[in-house]
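Asks: Provided herewith: data11.cif, mmCIF, C-alpha atoms.
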data_coords
loop_
_atom_site.label_atom_id
_atom_site.label_comp_id
_atom_site.auth_asym_id
_atom_site.auth_seq_id
_atom_site.Cartn_x
_atom_site.Cartn_y
_atom_site.Cartn_z
CA MET A 112 -6.58 0.83 7.94
CA ARG A 113 -8.60 3.10 10.09
CA ARG A 114 -10.07 6.46 9.22
CA SER A 115 -8.15 9.25 10.87
CA SER A 116 -9.68 10.72 13.96
CA THR A 117 -9.96 14.43 14.63
CA ALA A 118 -9.22 14.28 18.31
CA GLY A 119 -8.99 17.74 19.81
CA SER A 120 -5.56 17.16 21.30
CA GLU A 121 -4.09 16.85 17.79
CA ARG A 122 -5.40 20.23 16.70
CA GLY A 123 -2.76 22.47 15.17
CA THR A 124 0.20 20.32 16.15
CA HIS A 125 1.42 19.31 12.67
CA ASP A 126 5.16 19.74 12.64
CA VAL A 127 8.20 19.47 10.44
CA GLY A 128 8.82 15.85 11.47
CA SER A 129 5.68 14.42 9.94
CA ARG A 130 6.23 16.44 6.75
CA VAL A 131 9.76 15.07 6.48
CA LEU A 132 8.46 11.51 6.96
CA PHE A 133 5.72 12.14 4.37
CA THR A 134 8.35 13.30 1.88
CA ILE A 135 10.71 10.39 2.66
CA THR A 136 7.88 7.87 2.24
CA VAL A 137 6.75 9.29 -1.11
CA VAL A 138 10.33 9.55 -2.38
CA VAL A 139 11.10 5.94 -1.35
CA ILE A 140 7.98 4.67 -3.13
CA VAL A 141 8.52 6.73 -6.29
CA ILE A 142 12.22 5.83 -6.54
CA GLY A 143 11.38 2.17 -5.85
CA LEU A 144 8.72 2.04 -8.55
CA ALA A 145 10.95 3.81 -11.08
CA TYR A 146 13.83 1.47 -10.22
CA PHE A 147 11.79 -1.71 -10.71
CA LEU A 148 10.36 -0.35 -13.95
CA VAL A 149 13.83 0.48 -15.31
CA VAL A 150 15.24 -2.90 -14.23
CA GLY A 151 12.34 -4.60 -15.99
CA LEU A 152 12.74 -2.48 -19.13
CA LEU A 153 16.47 -3.22 -19.25
CA GLY A 154 15.49 -6.88 -19.11
CA ARG A 155 18.33 -7.97 -16.84
CA MET B 292 14.62 14.85 18.91
CA LYS B 293 12.81 13.05 21.74
CA ARG B 294 9.55 14.67 20.72
CA PHE B 295 10.16 13.84 17.04
CA LEU B 296 10.65 10.17 17.92
CA ARG B 297 7.54 10.07 20.12
CA ASP B 298 5.29 11.94 17.70
CA ASN B 299 6.36 9.88 14.71
CA ALA B 300 7.03 6.51 16.33
CA LEU B 301 4.43 4.64 14.25
CA SER B 302 5.81 5.84 10.91
CA LEU B 303 9.42 5.35 11.97
CA PHE B 304 8.68 1.81 13.19
CA PHE B 305 7.19 0.79 9.85
CA LEU B 306 9.93 2.58 7.89
CA VAL B 307 12.61 0.65 9.78
CA ILE B 308 10.94 -2.77 9.52
CA PHE B 309 10.21 -2.12 5.82
CA VAL B 310 13.91 -1.51 5.12
CA LEU B 311 14.94 -4.55 7.19
CA ALA B 312 12.38 -6.80 5.49
CA LEU B 313 13.37 -5.60 2.01
CA ALA B 314 17.05 -6.20 2.79
CA GLY B 315 16.18 -9.64 4.17
CA GLN B 316 14.17 -10.43 1.04
CA SER B 317 17.13 -9.46 -1.16
CA PHE B 318 19.48 -11.87 0.64
CA ALA B 319 16.97 -14.72 0.91
CA GLY B 320 15.90 -14.17 -2.70
CA ASN B 321 19.50 -14.20 -3.87
CA ALA B 322 20.16 -17.48 -2.03
CA ASP B 323 16.99 -19.03 -3.46
CA TYR B 324 17.82 -17.84 -6.98
CA ASN B 325 21.34 -19.23 -6.75
CA ALA B 326 20.10 -22.59 -5.44
CA ARG B 327 17.81 -22.88 -8.45
CA GLN B 328 20.59 -21.78 -10.79
CA VAL B 329 23.00 -24.39 -9.44
CA ALA B 330 20.33 -27.10 -9.57
CA ALA B 331 19.75 -26.24 -13.22
CA GLY B 332 23.48 -26.36 -13.96
CA GLY B 333 23.91 -22.58 -14.07
CA ALA B 334 26.25 -20.22 -12.27
CA PRO B 335 25.27 -18.36 -9.08
CA ILE B 336 25.12 -14.55 -9.20
CA SER B 337 26.31 -11.93 -6.71
CA TRP B 338 24.01 -9.91 -4.43
CA PRO B 339 24.48 -6.69 -6.46
CA ALA B 340 23.62 -8.60 -9.62
CA TYR B 341 20.53 -10.06 -7.97
CA VAL B 342 19.13 -6.77 -6.64
CA THR B 343 19.47 -5.28 -10.12
CA SER B 344 17.76 -8.27 -11.73
CA SER B 345 14.20 -8.50 -12.99
CA ASP B 346 13.67 -11.53 -10.70
CA PHE B 347 14.11 -9.33 -7.64
CA ALA B 348 12.12 -6.48 -9.21
CA VAL B 349 9.08 -8.61 -10.02
CA ASP B 350 9.07 -10.27 -6.60
CA VAL B 351 8.98 -6.88 -4.87
CA ALA B 352 6.62 -5.20 -7.32
CA GLU B 353 3.98 -7.96 -7.19
CA ASN B 354 3.73 -7.49 -3.43
CA TRP B 355 3.67 -3.70 -3.61
CA GLN B 356 0.82 -3.62 -6.14
CA SER B 357 -1.36 -5.90 -4.05
CA GLU B 358 -0.80 -3.83 -0.90
CA TYR B 359 -1.69 -0.61 -2.70
CA LEU B 360 -4.74 -2.25 -4.24
CA GLN B 361 -5.81 -3.43 -0.79
CA PHE B 362 -5.65 0.06 0.70
CA LEU B 363 -7.07 1.72 -2.42
CA LEU B 364 -10.10 -0.57 -2.32
CA PHE B 365 -10.49 -0.13 1.40
CA ILE B 366 -10.34 3.66 1.11
CA MET B 367 -12.81 3.81 -1.78
CA VAL B 368 -15.25 1.03 -0.90
CA THR B 369 -15.74 2.25 2.68
CA VAL B 370 -17.12 5.50 1.29
CA TRP B 371 -20.18 3.62 0.07
CA LEU B 372 -20.32 0.30 1.92
CA VAL B 373 -20.60 -0.17 5.69
CA GLN B 374 -20.26 -3.01 8.17
CA ARG B 375 -22.35 -2.54 11.26
CA GLY B 376 -20.26 -2.90 14.39
CA SER B 377 -16.86 -2.61 12.68
CA PRO B 378 -14.50 0.15 13.79
CA GLU B 379 -13.23 0.20 10.19
CA SER B 380 -16.66 1.35 8.95
CA LYS B 381 -18.91 4.35 9.10
CA LYS B 382 -22.33 3.98 10.69
CA PRO B 383 -25.09 2.46 8.55
CA GLY B 384 -26.96 5.37 6.96
CA GLU B 385 -23.83 7.48 6.56
CA GLU B 386 -22.82 6.02 3.20
CA GLY B 387 -21.52 8.52 0.68
CA THR B 388 -19.08 11.41 0.51
CA GLY B 389 -20.78 13.64 3.09
CA ASP B 390 -21.69 17.31 2.74
CA ASP B 391 -19.32 20.28 2.91
CA ALA B 392 -20.15 20.97 6.56
CA GLN B 393 -19.26 17.42 7.61
CA GLN B 394 -16.11 17.55 5.51
CA LYS B 395 -15.11 21.06 6.69
CA VAL B 396 -14.74 22.25 3.11
CA GLY B 397 -15.05 25.75 1.59
CA ALA B 398 -17.09 28.04 3.85
CA HIS B 399 -17.13 25.32 6.52
CA ALA B 400 -13.33 25.05 6.68
CA ARG B 401 -11.60 25.82 9.95
CA PRO B 402 -8.85 28.44 10.21
CA ASP B 403 -6.30 25.64 10.50
CA SER B 404 -7.76 23.51 7.69
CA PRO B 405 -5.43 22.66 4.78
CA SER B 406 -5.41 25.58 2.31
CA TRP B 407 -6.80 23.47 -0.52
CA ALA B 408 -9.84 22.61 1.64
CA LYS B 409 -10.64 26.30 2.14
CA GLY B 410 -11.12 27.19 -1.51
CA THR B 411 -14.04 26.57 -3.82
CA GLY B 412 -14.33 24.72 -7.10
CA LEU B 413 -11.73 22.26 -8.29
CA ARG B 414 -9.16 22.61 -5.49
CA PRO B 415 -11.19 21.13 -2.60
CA ALA B 416 -12.61 18.49 -4.95
CA LEU B 417 -9.12 17.41 -5.99
CA TYR B 418 -7.79 17.56 -2.45
CA GLY B 419 -10.79 15.55 -1.25
CA ALA B 420 -9.83 12.75 -3.62
CA SER B 421 -6.05 13.02 -3.28
CA LEU B 422 -5.52 9.99 -1.04
CA GLY B 423 -7.38 7.66 -3.38
CA MET B 424 -5.73 9.16 -6.46
CA VAL B 425 -2.19 8.78 -5.10
CA MET B 426 -2.81 5.25 -3.78
CA GLY B 427 -4.37 4.41 -7.16
CA LEU B 428 -1.33 5.82 -8.94
CA PHE B 429 1.00 3.74 -6.76
CA PHE B 430 -1.12 0.64 -7.42
CA VAL B 431 -1.15 1.06 -11.20
CA SER B 432 2.56 1.96 -11.32
CA SER B 433 3.60 -1.05 -9.24
CA TRP B 434 1.35 -3.35 -11.29
CA VAL B 435 2.96 -2.05 -14.48
CA ALA B 436 6.40 -2.57 -12.89
CA GLN B 437 5.36 -6.16 -12.07
CA TRP B 438 4.23 -6.63 -15.67
CA VAL B 439 7.45 -5.26 -17.21
CA ALA B 440 9.88 -6.90 -14.77
CA GLY B 441 7.84 -10.11 -14.72
CA ARG B 442 8.08 -10.41 -18.49
CA ALA B 443 11.86 -9.91 -18.39
CA ALA B 444 12.26 -12.56 -15.69
CA TYR B 445 9.88 -14.92 -17.48
CA ASN B 446 11.72 -14.52 -20.78
CA ALA B 447 15.08 -15.15 -19.11
CA GLU B 448 13.64 -18.40 -17.78
CA GLN B 449 12.18 -19.27 -21.19
CA LEU B 450 15.51 -18.67 -22.94
CA SER B 451 17.40 -20.74 -20.38
CA GLN B 452 15.07 -23.63 -21.26
CA LEU B 453 15.46 -22.98 -25.01
CA GLN B 454 11.85 -21.78 -25.23
CA ASP B 455 10.57 -18.76 -27.20
CA PRO B 456 10.33 -15.45 -25.33
CA VAL B 457 6.89 -13.78 -25.12
CA SER B 458 5.83 -10.26 -26.08
CA ALA B 459 4.63 -7.79 -23.45
CA LEU B 460 1.01 -8.38 -24.51
CA GLU B 461 1.42 -12.15 -24.48
CA TYR B 462 2.87 -11.94 -20.98
CA LEU B 463 -0.12 -9.86 -19.86
CA GLY B 464 -2.35 -12.84 -20.64
CA SER B 465 0.04 -15.46 -19.31
CA PRO B 466 -0.59 -17.77 -16.34
CA ASP B 467 2.66 -16.51 -14.76
CA PHE B 468 1.44 -12.90 -14.65
CA TRP B 469 -1.99 -13.77 -13.29
CA ASN B 470 -0.68 -16.35 -10.84
CA ARG B 471 1.67 -13.74 -9.37
CA THR B 472 -1.14 -11.16 -9.33
CA LEU B 473 -3.99 -13.21 -7.91
CA GLN B 474 -2.00 -15.07 -5.27
CA ASN B 475 -1.27 -11.68 -3.73
CA TRP B 476 -4.76 -10.25 -4.22
CA GLN B 477 -6.53 -13.15 -2.53
CA SER B 478 -4.42 -12.82 0.61
CA GLU B 479 -4.98 -9.06 0.81
CA PHE B 480 -8.73 -9.42 0.38
CA LEU B 481 -8.85 -12.12 3.06
CA ALA B 482 -6.87 -9.90 5.42
CA VAL B 483 -9.29 -6.98 4.94
CA LEU B 484 -12.31 -9.26 5.35
CA SER B 485 -10.78 -10.63 8.56
CA MET B 486 -10.10 -7.15 9.90
CA VAL B 487 -13.60 -5.88 9.13
CA VAL B 488 -15.47 -8.91 10.47
CA LEU B 489 -13.27 -9.92 13.43
CA SER B 490 -13.20 -6.37 14.77
CA VAL B 491 -16.97 -6.51 15.22
CA TYR B 492 -16.70 -9.20 17.89
CA LEU B 493 -13.08 -9.16 19.08
CA ARG B 494 -11.18 -6.38 20.88
CA GLN B 495 -7.58 -5.25 21.34
CA ARG B 496 -7.39 -3.00 24.33
CA GLY B 497 -5.61 0.27 23.54
CA SER B 498 -5.52 -0.18 19.77
CA PRO B 499 -7.23 2.44 17.58
CA GLU B 500 -7.99 -0.41 15.18
CA SER B 501 -10.32 -1.86 17.81
CA LYS B 502 -13.43 -0.63 19.53
CA PRO B 503 -13.08 -0.02 23.28
CA VAL B 504 -13.31 -3.40 25.05
CA GLY B 505 -16.76 -2.85 26.51
CA THR B 506 -18.39 -1.48 23.38
CA PRO B 507 -21.37 -3.64 22.30
CA HIS B 508 -20.83 -5.71 19.15
CA GLY B 509 -23.45 -3.85 17.12
CA VAL B 510 -22.02 -0.41 17.81
CA THR B 511 -19.41 1.09 15.49
CA SER B 512 -16.53 3.17 16.85
CA GLU B 513 -18.03 6.43 15.65
CA GLU B 514 -20.99 5.99 17.95
CA ASN B 515 -18.84 5.74 21.09
#
Would you put the structure from the file into C-alpha cells?
Replies:
Amino acid sequence: MRRSSTAGSERGTHDVGSRVLFTITVVVIVIGLAYFLVVGLLGR
Amino acid sequence: MKRFLRDNALSLFFLVIFVLALAGQSFAGNADYNARQVAAGGAPISWPAYVTSSDFAVDVAENWQSEYLQFLLFIMVTVWLVQRGSPESKKPGEEGTGDDAQQKVGAHARPDSPSWAKGTGLRPALYGASLGMVMGLFFVSSWVAQWVAGRAAYNAEQLSQLQDPVSALEYLGSPDFWNRTLQNWQSEFLAVLSMVVLSVYLRQRGSPESKPVGTPHGVTSEEN
C-alpha cells in the first residue's frame, strides 16, 4: 500500500532473488488469469 | 540462500500464504459445491473436476479483480489526492506527477537508475506509468475472466433449474454479475478508507505502513 522509499541503504543492492520473485509473481498471475478465462470459455 | 530468504522474506511470505489460501479455497469450495449439489438431488464432483470448473474460476476471479482495482485506484488516485497526516499520502501541495528532477528522469537520472528512466521521450514516460498500466491490465483481465466464467457458472445453474441460459451481454447486465462485483468492491474501498484514515491517528511501531509512534497526527510520513 505504501509508496516505496528510497532509503540510502537500499542503493544498488537489487539482486537476482527479487528479479526471480518478480518473474514468478507475474507468471503466476498471467497463467492464473489465462486459466480462469479458458475454463470460463470452455463453459465447464 | 540465507540472504535470499532475508532480503525477500515479505514477498516469500505472501507467496506462500497465497498458495495455501488458494488451495484451502479449492477444498472448501469443492465441499460447499458438493453440499449444494446433493441438496438439489445432484451428484458430487471430484476435486480435479471442481478446480477446472467455472464455479471455482469465477469465485477466484471476482476476488482478484477487486484486489487489482483496489491497488490500481490507490496508485492512481494518490497521485492527485492527498490525506493530511496519512503515511499513505503525499504532503498537501505535492499533488501531481512531479517534475523530472524529483522523479530522477532523463538528465536527472542517477547512474544506477533503471535504463528506461535515463532516456528521453516515450521510454521514461512509459516506464513512469508502468505500474499503473500493468495493475490496470491485471484488473481488466481478471474482471473479464469473472465475466466469462461467471456466465458459464450462471448458465449451468440456470440449466439445472430448467431455465434459459443467458448471452454474454445479458450476463453483463445481470444481478449475479454486479452482485459478485460490487460485494467485493465495497469491501476493498472500505479497507483503503480505513487504512488512510486510521493511520492518521493510530500507530503500529516498526511498520512502514505507519508513521513513527511519536509523529504528530497532522504530519505525514514524508515530513519526518
Asks: In Å to one decimal, how far is atom CA of A:Val138 from atom CA of B:Ser302?
Replies: 14.5 Å
Asks: Calculated over all atoms listed in the file, which of the candidates B:Val342, B:Val439, B:Leu313, B:Ala459 has the smallest distance to chain A?
Replies: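 Among B:Val342, B:Val439, B:Leu313, B:Ala459, it is B:Val439 that comes nearest to chain A.
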Asks: Just the number, please: distance in Å from atom CA of B:Arg442 to atom CA of B:Val457, one decimal.
Replies: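 Taking atom CA of B:Arg442 as the start and atom CA of B:Val457 as the end point, the length is 7.5 Å.
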Asks: Give me, as a PDB file with C-alpha atoms, in the coordinates of the input, all polymer residues having an atom no more than 9 Å from stretch 380-391 of chain B, counting all atoms listed in the file and skipping those fewer than 2 positions away in the same chain.
Replies:
ATOM      1  CA  ARG A 113      -8.600   3.100  10.090  1.00  0.00           C
ATOM      2  CA  ARG A 114     -10.070   6.460   9.220  1.00  0.00           C
TER       3      ARG A 114
ATOM      4  CA  THR B 369     -15.740   2.250   2.680  1.00  0.00           C
ATOM      5  CA  VAL B 370     -17.120   5.500   1.290  1.00  0.00           C
ATOM      6  CA  TRP B 371     -20.180   3.620   0.070  1.00  0.00           C
ATOM      7  CA  LEU B 372     -20.320   0.300   1.920  1.00  0.00           C
ATOM      8  CA  VAL B 373     -20.600  -0.170   5.690  1.00  0.00           C
ATOM      9  CA  GLN B 374     -20.260  -3.010   8.170  1.00  0.00           C
ATOM     10  CA  ARG B 375     -22.350  -2.540  11.260  1.00  0.00           C
ATOM     11  CA  GLY B 376     -20.260  -2.900  14.390  1.00  0.00           C
ATOM     12  CA  SER B 377     -16.860  -2.610  12.680  1.00  0.00           C
ATOM     13  CA  PRO B 378     -14.500   0.150  13.790  1.00  0.00           C
ATOM     14  CA  GLN B 393     -19.260  17.420   7.610  1.00  0.00           C
ATOM     15  CA  GLN B 394     -16.110  17.550   5.510  1.00  0.00           C
ATOM     16  CA  LYS B 395     -15.110  21.060   6.690  1.00  0.00           C
ATOM     17  CA  VAL B 396     -14.740  22.250   3.110  1.00  0.00           C
ATOM     18  CA  GLY B 397     -15.050  25.750   1.590  1.00  0.00           C
ATOM     19  CA  ALA B 398     -17.090  28.040   3.850  1.00  0.00           C
ATOM     20  CA  HIS B 399     -17.130  25.320   6.520  1.00  0.00           C
ATOM     21  CA  ALA B 400     -13.330  25.050   6.680  1.00  0.00           C
ATOM     22  CA  VAL B 487     -13.600  -5.880   9.130  1.00  0.00           C
ATOM     23  CA  VAL B 510     -22.020  -0.410  17.810  1.00  0.00           C
ATOM     24  CA  THR B 511     -19.410   1.090  15.490  1.00  0.00           C
ATOM     25  CA  SER B 512     -16.530   3.170  16.850  1.00  0.00           C
ATOM     26  CA  GLU B 513     -18.030   6.430  15.650  1.00  0.00           C
ATOM     27  CA  GLU B 514     -20.990   5.990  17.950  1.00  0.00           C
TER      28      GLU B 514
END
Asks: May I ask for the distance between atom CA of B:Pro335 and atom CA of B:Ser317, given in Å to one decimal place?
Replies: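 Separation of atom CA of B:Pro335 and atom CA of B:Ser317: 14.4 Å.
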Asks: Identify all residues satisfying the PyMOL selection byres ((chain B) within 9 of (chain A)) in the given file; provide them as a PDB file with C-alpha atoms, in the coordinates of the input.
Replies:
ATOM      1  CA  PHE B 295      10.160  13.840  17.040  1.00  0.00           C
ATOM      2  CA  LEU B 296      10.650  10.170  17.920  1.00  0.00           C
ATOM      3  CA  ASP B 298       5.290  11.940  17.700  1.00  0.00           C
ATOM      4  CA  ASN B 299       6.360   9.880  14.710  1.00  0.00           C
ATOM      5  CA  SER B 302       5.810   5.840  10.910  1.00  0.00           C
ATOM      6  CA  LEU B 303       9.420   5.350  11.970  1.00  0.00           C
ATOM      7  CA  LEU B 306       9.930   2.580   7.890  1.00  0.00           C
ATOM      8  CA  ALA B 340      23.620  -8.600  -9.620  1.00  0.00           C
ATOM      9  CA  THR B 343      19.470  -5.280 -10.120  1.00  0.00           C
ATOM     10  CA  SER B 344      17.760  -8.270 -11.730  1.00  0.00           C
ATOM     11  CA  SER B 345      14.200  -8.500 -12.990  1.00  0.00           C
ATOM     12  CA  ASP B 346      13.670 -11.530 -10.700  1.00  0.00           C
ATOM     13  CA  PHE B 347      14.110  -9.330  -7.640  1.00  0.00           C
ATOM     14  CA  ALA B 348      12.120  -6.480  -9.210  1.00  0.00           C
ATOM     15  CA  VAL B 349       9.080  -8.610 -10.020  1.00  0.00           C
ATOM     16  CA  VAL B 351       8.980  -6.880  -4.870  1.00  0.00           C
ATOM     17  CA  ALA B 352       6.620  -5.200  -7.320  1.00  0.00           C
ATOM     18  CA  PHE B 362      -5.650   0.060   0.700  1.00  0.00           C
ATOM     19  CA  PHE B 365     -10.490  -0.130   1.400  1.00  0.00           C
ATOM     20  CA  ILE B 366     -10.340   3.660   1.110  1.00  0.00           C
ATOM     21  CA  PRO B 378     -14.500   0.150  13.790  1.00  0.00           C
ATOM     22  CA  GLU B 379     -13.230   0.200  10.190  1.00  0.00           C
ATOM     23  CA  SER B 380     -16.660   1.350   8.950  1.00  0.00           C
ATOM     24  CA  ASP B 403      -6.300  25.640  10.500  1.00  0.00           C
ATOM     25  CA  PHE B 429       1.000   3.740  -6.760  1.00  0.00           C
ATOM     26  CA  SER B 432       2.560   1.960 -11.320  1.00  0.00           C
ATOM     27  CA  SER B 433       3.600  -1.050  -9.240  1.00  0.00           C
ATOM     28  CA  VAL B 435       2.960  -2.050 -14.480  1.00  0.00           C
ATOM     29  CA  ALA B 436       6.400  -2.570 -12.890  1.00  0.00           C
ATOM     30  CA  GLN B 437       5.360  -6.160 -12.070  1.00  0.00           C
ATOM     31  CA  TRP B 438       4.230  -6.630 -15.670  1.00  0.00           C
ATOM     32  CA  VAL B 439       7.450  -5.260 -17.210  1.00  0.00           C
ATOM     33  CA  ALA B 440       9.880  -6.900 -14.770  1.00  0.00           C
ATOM     34  CA  GLY B 441       7.840 -10.110 -14.720  1.00  0.00           C
ATOM     35  CA  ARG B 442       8.080 -10.410 -18.490  1.00  0.00           C
ATOM     36  CA  ALA B 443      11.860  -9.910 -18.390  1.00  0.00           C
ATOM     37  CA  ALA B 444      12.260 -12.560 -15.690  1.00  0.00           C
ATOM     38  CA  ASN B 446      11.720 -14.520 -20.780  1.00  0.00           C
ATOM     39  CA  ALA B 447      15.080 -15.150 -19.110  1.00  0.00           C
ATOM     40  CA  VAL B 483      -9.290  -6.980   4.940  1.00  0.00           C
ATOM     41  CA  MET B 486     -10.100  -7.150   9.900  1.00  0.00           C
ATOM     42  CA  PRO B 499      -7.230   2.440  17.580  1.00  0.00           C
ATOM     43  CA  GLU B 500      -7.990  -0.410  15.180  1.00  0.00           C
TER      44      GLU B 500
END
Asks: As JSON, what would the box around stretch 131-144 of chain A look like: edges along x, y and z, 4 Å added on every side, centre and edge lengths in Å to one decimal?
Replies:
{"center_x": 9.0, "center_y": 8.6, "center_z": -0.8, "size_x": 14.5, "size_y": 21.0, "size_z": 23.5}
Asks: On this structure, the PyMOL selection byres ((chain B and resi 492) around 9) would catch which residues? List them as a PDB file with C-alpha atoms, in the coordinates of the input, sorted by chain and number.
Replies:
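What ended up in expr.pdb:
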ATOM      1  CA  GLY B 376     -20.260  -2.900  14.390  1.00  0.00           C
ATOM      2  CA  SER B 377     -16.860  -2.610  12.680  1.00  0.00           C
ATOM      3  CA  VAL B 488     -15.470  -8.910  10.470  1.00  0.00           C
ATOM      4  CA  LEU B 489     -13.270  -9.920  13.430  1.00  0.00           C
ATOM      5  CA  SER B 490     -13.200  -6.370  14.770  1.00  0.00           C
ATOM      6  CA  VAL B 491     -16.970  -6.510  15.220  1.00  0.00           C
ATOM      7  CA  LEU B 493     -13.080  -9.160  19.080  1.00  0.00           C
ATOM      8  CA  ARG B 494     -11.180  -6.380  20.880  1.00  0.00           C
ATOM      9  CA  PRO B 507     -21.370  -3.640  22.300  1.00  0.00           C
ATOM     10  CA  HIS B 508     -20.830  -5.710  19.150  1.00  0.00           C
ATOM     11  CA  GLY B 509     -23.450  -3.850  17.120  1.00  0.00           C
TER      12      GLY B 509
END
Asks: Output requested as a PDB file, in the frame of the given file - stretch 317-333 of chain B, filled out with N, CA and C atoms.
Replies:
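Output file selection_15.pdb follows:
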ATOM      1  N   SER B 317      16.092  -9.464  -0.119  1.00  0.00           N
ATOM      2  CA  SER B 317      17.130  -9.460  -1.160  1.00  0.00           C
ATOM      3  C   SER B 317      18.153 -10.572  -0.917  1.00  0.00           C
ATOM      4  N   PHE B 318      18.512 -10.811   0.345  1.00  0.00           N
ATOM      5  CA  PHE B 318      19.480 -11.870   0.640  1.00  0.00           C
ATOM      6  C   PHE B 318      18.846 -13.264   0.489  1.00  0.00           C
ATOM      7  N   ALA B 319      17.648 -13.421   1.024  1.00  0.00           N
ATOM      8  CA  ALA B 319      16.970 -14.720   0.910  1.00  0.00           C
ATOM      9  C   ALA B 319      16.653 -15.018  -0.554  1.00  0.00           C
ATOM     10  N   GLY B 320      16.215 -13.995  -1.283  1.00  0.00           N
ATOM     11  CA  GLY B 320      15.900 -14.170  -2.700  1.00  0.00           C
ATOM     12  C   GLY B 320      17.121 -14.537  -3.505  1.00  0.00           C
ATOM     13  N   ASN B 321      18.255 -13.901  -3.172  1.00  0.00           N
ATOM     14  CA  ASN B 321      19.500 -14.200  -3.870  1.00  0.00           C
ATOM     15  C   ASN B 321      19.919 -15.662  -3.638  1.00  0.00           C
ATOM     16  N   ALA B 322      19.802 -16.095  -2.365  1.00  0.00           N
ATOM     17  CA  ALA B 322      20.160 -17.480  -2.030  1.00  0.00           C
ATOM     18  C   ALA B 322      19.246 -18.459  -2.759  1.00  0.00           C
ATOM     19  N   ASP B 323      17.951 -18.156  -2.788  1.00  0.00           N
ATOM     20  CA  ASP B 323      16.990 -19.030  -3.460  1.00  0.00           C
ATOM     21  C   ASP B 323      17.262 -19.085  -4.959  1.00  0.00           C
ATOM     22  N   TYR B 324      17.528 -17.915  -5.544  1.00  0.00           N
ATOM     23  CA  TYR B 324      17.820 -17.840  -6.980  1.00  0.00           C
ATOM     24  C   TYR B 324      19.058 -18.666  -7.320  1.00  0.00           C
ATOM     25  N   ASN B 325      20.099 -18.504  -6.485  1.00  0.00           N
ATOM     26  CA  ASN B 325      21.340 -19.230  -6.750  1.00  0.00           C
ATOM     27  C   ASN B 325      21.173 -20.739  -6.589  1.00  0.00           C
ATOM     28  N   ALA B 326      20.356 -21.149  -5.621  1.00  0.00           N
ATOM     29  CA  ALA B 326      20.100 -22.590  -5.440  1.00  0.00           C
ATOM     30  C   ALA B 326      19.434 -23.166  -6.675  1.00  0.00           C
ATOM     31  N   ARG B 327      18.491 -22.406  -7.235  1.00  0.00           N
ATOM     32  CA  ARG B 327      17.810 -22.880  -8.450  1.00  0.00           C
ATOM     33  C   ARG B 327      18.751 -22.879  -9.651  1.00  0.00           C
ATOM     34  N   GLN B 328      19.617 -21.855  -9.691  1.00  0.00           N
ATOM     35  CA  GLN B 328      20.590 -21.780 -10.790  1.00  0.00           C
ATOM     36  C   GLN B 328      21.529 -22.989 -10.770  1.00  0.00           C
ATOM     37  N   VAL B 329      22.052 -23.269  -9.578  1.00  0.00           N
ATOM     38  CA  VAL B 329      23.000 -24.390  -9.440  1.00  0.00           C
ATOM     39  C   VAL B 329      22.311 -25.712  -9.765  1.00  0.00           C
ATOM     40  N   ALA B 330      21.068 -25.865  -9.297  1.00  0.00           N
ATOM     41  CA  ALA B 330      20.330 -27.100  -9.570  1.00  0.00           C
ATOM     42  C   ALA B 330      20.103 -27.297 -11.065  1.00  0.00           C
ATOM     43  N   ALA B 331      19.985 -26.162 -11.778  1.00  0.00           N
ATOM     44  CA  ALA B 331      19.750 -26.240 -13.220  1.00  0.00           C
ATOM     45  C   ALA B 331      21.060 -26.256 -14.007  1.00  0.00           C
ATOM     46  N   GLY B 332      22.190 -26.312 -13.279  1.00  0.00           N
ATOM     47  CA  GLY B 332      23.480 -26.360 -13.960  1.00  0.00           C
ATOM     48  C   GLY B 332      24.038 -24.994 -14.310  1.00  0.00           C
ATOM     49  N   GLY B 333      23.442 -23.931 -13.779  1.00  0.00           N
ATOM     50  CA  GLY B 333      23.910 -22.580 -14.070  1.00  0.00           C
ATOM     51  C   GLY B 333      24.874 -22.072 -13.021  1.00  0.00           C
TER      52      GLY B 333
END
